[in-house]
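Below is protein_34.cif, holding mmCIF, C-alpha atoms.
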data_run
#
loop_
_atom_site.label_atom_id
_atom_site.label_comp_id
_atom_site.auth_asym_id
_atom_site.auth_seq_id
_atom_site.Cartn_x
_atom_site.Cartn_y
_atom_site.Cartn_z
CA MET A 12 18.17 10.24 6.88
CA SER A 13 15.53 8.45 8.90
CA ARG A 14 14.25 10.10 12.09
CA LEU A 15 13.68 6.65 13.59
CA THR A 16 16.32 3.95 13.72
CA LEU A 17 16.53 2.05 10.47
CA HIS A 18 17.24 -1.44 11.77
CA THR A 19 19.06 -4.28 10.10
CA LEU A 20 18.57 -7.91 11.01
CA ALA A 21 21.52 -7.63 13.42
CA SER A 22 20.33 -4.45 15.16
CA ALA A 23 16.59 -5.20 15.32
CA PRO A 24 15.05 -5.94 18.70
CA GLU A 25 14.96 -9.67 19.32
CA ALA A 26 11.17 -9.79 19.04
CA SER A 27 11.36 -8.18 15.57
CA GLN A 28 14.10 -10.43 14.17
CA PRO A 29 11.85 -13.29 12.95
CA PHE A 30 9.69 -10.76 11.08
CA VAL A 31 12.78 -9.07 9.60
CA GLU A 32 14.08 -12.46 8.45
CA ARG A 33 10.72 -13.19 6.83
CA ALA A 34 10.76 -9.85 5.00
CA ILE A 35 14.28 -10.40 3.69
CA ALA A 36 13.33 -13.88 2.47
CA ALA A 37 10.21 -12.55 0.73
CA ASN A 38 11.88 -9.55 -0.93
CA GLY A 39 15.50 -10.50 -1.40
CA PHE A 40 16.46 -7.35 0.53
CA LEU A 41 15.30 -5.59 3.69
CA PRO A 42 12.73 -2.93 2.80
CA ASN A 43 13.46 0.16 4.86
CA LEU A 44 9.81 0.20 6.01
CA ILE A 45 10.48 -3.08 7.80
CA GLY A 46 13.67 -1.65 9.30
CA VAL A 47 11.63 1.26 10.70
CA LEU A 48 8.72 -0.84 11.95
CA ALA A 49 11.21 -3.16 13.67
CA ASN A 50 11.58 -0.45 16.32
CA ALA A 51 8.20 -1.59 17.66
CA PRO A 52 7.85 -5.36 17.31
CA VAL A 53 4.06 -5.14 17.73
CA ALA A 54 3.83 -2.59 14.90
CA LEU A 55 5.89 -4.83 12.63
CA GLU A 56 3.81 -7.87 13.57
CA THR A 57 0.61 -5.91 12.96
CA TYR A 58 1.80 -4.79 9.54
CA LEU A 59 2.74 -8.32 8.44
CA THR A 60 -0.40 -9.86 9.93
CA VAL A 61 -2.75 -7.32 8.35
CA ALA A 62 -0.88 -7.63 5.04
CA GLY A 63 -1.51 -11.37 5.14
CA ILE A 64 -5.18 -10.87 5.92
CA ASN A 65 -5.50 -8.25 3.17
CA ALA A 66 -4.00 -10.74 0.71
CA ARG A 67 -6.86 -13.14 1.52
CA SER A 68 -9.55 -10.63 0.59
CA SER A 69 -11.73 -11.17 -2.47
CA LEU A 70 -10.01 -8.27 -4.24
CA THR A 71 -7.44 -9.36 -6.81
CA LEU A 72 -3.79 -8.43 -6.40
CA ALA A 73 -4.24 -5.74 -9.06
CA GLU A 74 -7.23 -4.33 -7.18
CA ARG A 75 -5.36 -4.36 -3.88
CA GLU A 76 -2.46 -2.52 -5.51
CA VAL A 77 -4.85 0.12 -6.87
CA VAL A 78 -5.93 0.75 -3.28
CA GLN A 79 -2.35 0.78 -1.98
CA ILE A 80 -0.97 3.16 -4.61
CA THR A 81 -4.01 5.43 -4.27
CA ALA A 82 -3.60 5.63 -0.50
CA ALA A 83 0.17 6.12 -0.69
CA ARG A 84 -0.24 8.94 -3.22
CA ILE A 85 -2.91 10.69 -1.15
CA HIS A 86 -0.88 10.25 2.04
CA GLY A 87 2.29 11.48 0.34
CA CYS A 88 4.32 8.32 0.94
CA ASP A 89 6.95 8.04 -1.80
CA PHE A 90 8.30 4.83 -0.28
CA CYS A 91 4.95 3.04 -0.58
CA VAL A 92 4.21 4.49 -4.02
CA ALA A 93 7.51 3.00 -5.20
CA GLY A 94 7.06 -0.32 -3.42
CA HIS A 95 3.53 -0.86 -4.66
CA THR A 96 4.42 0.33 -8.14
CA ALA A 97 7.01 -2.47 -8.26
CA VAL A 98 4.38 -5.02 -7.21
CA ALA A 99 1.80 -3.60 -9.62
CA LEU A 100 4.17 -3.88 -12.57
CA LYS A 101 6.02 -7.11 -11.68
CA LYS A 102 3.31 -9.22 -10.09
CA ALA A 103 -0.16 -7.72 -10.55
CA GLY A 104 -0.01 -7.20 -14.30
CA ILE A 105 -1.12 -3.57 -14.22
CA SER A 106 -0.01 -1.70 -17.33
CA ILE A 107 2.65 0.98 -17.06
CA ASP A 108 0.15 3.60 -18.27
CA SER A 109 -2.30 2.62 -15.54
CA VAL A 110 0.43 2.68 -12.90
CA ARG A 111 1.48 6.16 -14.04
CA ALA A 112 -2.15 7.26 -13.78
CA LEU A 113 -2.36 5.83 -10.26
CA GLN A 114 0.83 7.63 -9.28
CA HIS A 115 -0.64 10.92 -10.52
CA GLY A 116 -4.22 10.35 -9.34
CA THR A 117 -5.63 10.56 -12.85
CA PRO A 118 -8.37 8.35 -14.33
CA LEU A 119 -7.64 4.79 -15.39
CA ASP A 120 -8.75 3.39 -18.76
CA ASP A 121 -10.16 0.28 -17.06
CA ALA A 122 -13.64 1.32 -15.86
CA ARG A 123 -13.77 -1.22 -13.02
CA LEU A 124 -10.35 -0.27 -11.63
CA GLU A 125 -11.22 3.40 -12.05
CA ALA A 126 -14.36 2.91 -9.93
CA LEU A 127 -12.18 1.24 -7.30
CA ARG A 128 -9.59 4.05 -7.42
CA ARG A 129 -12.28 6.69 -7.04
CA PHE A 130 -13.99 4.81 -4.20
CA ALA A 131 -10.72 4.35 -2.30
CA GLY A 132 -9.88 8.03 -2.75
CA ALA A 133 -13.35 9.04 -1.60
CA ALA A 134 -13.14 6.77 1.45
CA ILE A 135 -9.83 8.36 2.45
CA ALA A 136 -10.99 11.93 1.78
CA THR A 137 -14.21 11.49 3.74
CA ARG A 138 -12.82 9.15 6.41
CA GLY A 139 -15.34 6.54 5.32
CA LYS A 140 -18.33 8.87 4.93
CA VAL A 141 -18.54 8.14 1.20
CA VAL A 142 -21.50 9.82 -0.47
CA GLN A 143 -24.13 7.56 -1.98
CA GLN A 144 -23.17 8.52 -5.54
CA ASP A 145 -19.58 7.31 -5.01
CA TYR A 146 -20.76 4.10 -3.35
CA ASP A 147 -23.26 3.47 -6.16
CA ALA A 148 -20.55 3.97 -8.79
CA PHE A 149 -18.41 1.43 -6.93
CA THR A 150 -21.18 -1.18 -6.76
CA SER A 151 -22.28 -0.47 -10.35
CA ALA A 152 -18.78 -1.49 -11.42
CA GLY A 153 -19.45 -4.94 -9.94
CA TYR A 154 -18.11 -4.56 -6.42
CA ASN A 155 -20.13 -5.60 -3.38
CA GLN A 156 -20.57 -4.67 0.28
CA ALA A 157 -17.85 -7.02 1.47
CA GLN A 158 -15.42 -5.51 -1.02
CA ALA A 159 -16.24 -2.00 0.18
CA LEU A 160 -15.06 -3.11 3.62
CA GLU A 161 -12.04 -4.85 2.07
CA VAL A 162 -11.08 -1.52 0.49
CA LEU A 163 -11.15 -0.05 4.01
CA LEU A 164 -8.96 -2.93 5.17
CA GLY A 165 -6.44 -2.07 2.46
CA ILE A 166 -6.58 1.61 3.42
CA SER A 167 -5.95 0.71 7.07
CA LEU A 168 -2.88 -1.29 6.06
CA ALA A 169 -1.67 1.56 3.87
CA THR A 170 -2.26 4.10 6.62
CA LEU A 171 0.02 2.25 9.05
CA CYS A 172 2.81 2.05 6.45
CA ASN A 173 2.33 5.51 4.98
CA PHE A 174 2.22 7.23 8.35
CA ALA A 175 5.16 5.23 9.73
CA ASN A 176 7.24 6.21 6.71
CA SER A 177 6.19 9.85 7.04
CA LEU A 178 7.03 9.89 10.75
CA ALA A 179 10.39 8.24 10.17
CA GLY A 180 11.35 9.96 6.94
CA THR A 181 12.09 6.49 5.59
CA PRO A 182 14.49 6.57 2.65
CA VAL A 183 13.48 4.63 -0.45
CA ASN A 184 15.66 1.54 -0.92
CA PRO A 185 17.87 1.57 -4.02
CA GLU A 186 15.92 -1.50 -5.24
CA LEU A 187 12.72 0.56 -5.26
CA GLN A 188 14.00 3.87 -6.62
CA PRO A 189 13.34 2.87 -10.27
CA TYR A 190 9.63 2.74 -9.33
CA LEU A 191 9.31 6.23 -7.86
CA GLU A 192 6.83 8.61 -9.44
CA GLY A 193 8.44 10.04 -12.55
CA ALA A 194 10.94 7.19 -12.87
CA ILE A 195 8.73 4.80 -14.84
#

Transcribe the structure of this file into structure tokens.
Amino acid sequence: MSRLTLHTLASAPEASQPFVERAIAANGFLPNLIGVLANAPVALETYLTVAGINARSSLTLAEREVVQITAARIHGCDFCVAGHTAVALKKAGISIDSVRALQHGTPLDDARLEALRRFAGAAIATRGKVVQQDYDAFTSAGYNQAQALEVLLGISLATLCNFANSLAGTPVNPELQPYLEGAI
């Protein structure tokens, strides 16, 4: 049971309703995260706006999903692990073995994505004070300064979602339960 109200389109504050409609149209269902964020229209707007900006970064969808699953795992957000696992498998083309590794925080076979996973984890663990060795490994894998900041953008997006879900105790939608850790 959610600690915060889990809104539907009908119960959402008027200012949140256009965002809720947009989420339903994009997903085919109302993700419970959106129902929680609808409690604060500015939080919901921020989430959707930052998600749109993050999607315009130079990181590929697969790379952005590596960041999102890594952050969700570290932050302990089962909802976001499941949601981003679904995107990683259905849209980003990440292999099931790689997604399992991301869910468990174990190394990826793809050296470039592994450098990204490690950099994102280091950035979270150190609150951005990544040691030079971790930064050098990231740039040696072909990433640049702008992408280092784009990883932080992705982490900021994940932090809003992960923390909102943790605060609320957001239940995982039935549509996302097949993507929970251990289910794939």

### Task
Return the single residue from A:Thr71, A:Ser13, A:Thr150, A:Thr117 that is closest to Ala99 (chain A), with distances computed using all atoms listed in the file.
A:Thr71

### Query
Just how far from CA of Gln114 (chain A) is CA of Arg84 (chain A), in Å to one decimal?
6.3 Å

### Task
Would you write out, as JSON, numbers by chain, every residue that the PyMOL selection byres ((chain A and resi 55) around 12) captures in this file?
{"A": [18, 23, 24, 26, 27, 28, 29, 30, 31, 32, 33, 34, 43, 44, 45, 46, 47, 48, 49, 50, 51, 52, 53, 54, 56, 57, 58, 59, 60, 61, 62, 168, 171, 172, 175]}

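Minimum distance to Tyr154 (chain A) across A:Leu124, A:Ile195, A:Ala73, A:Leu17 (counting only C-alpha atoms) occurs at A:Leu124.
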
#### Entry: Residue nearest Gly180 (chain A) - candidates A:Glu192, A:Asp147, A:Asp89, A:Asp121, atoms counted: only C-alpha atoms
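Using only C-alpha atoms, the shortest distance to Gly180 (chain A) belongs to A:Asp89.
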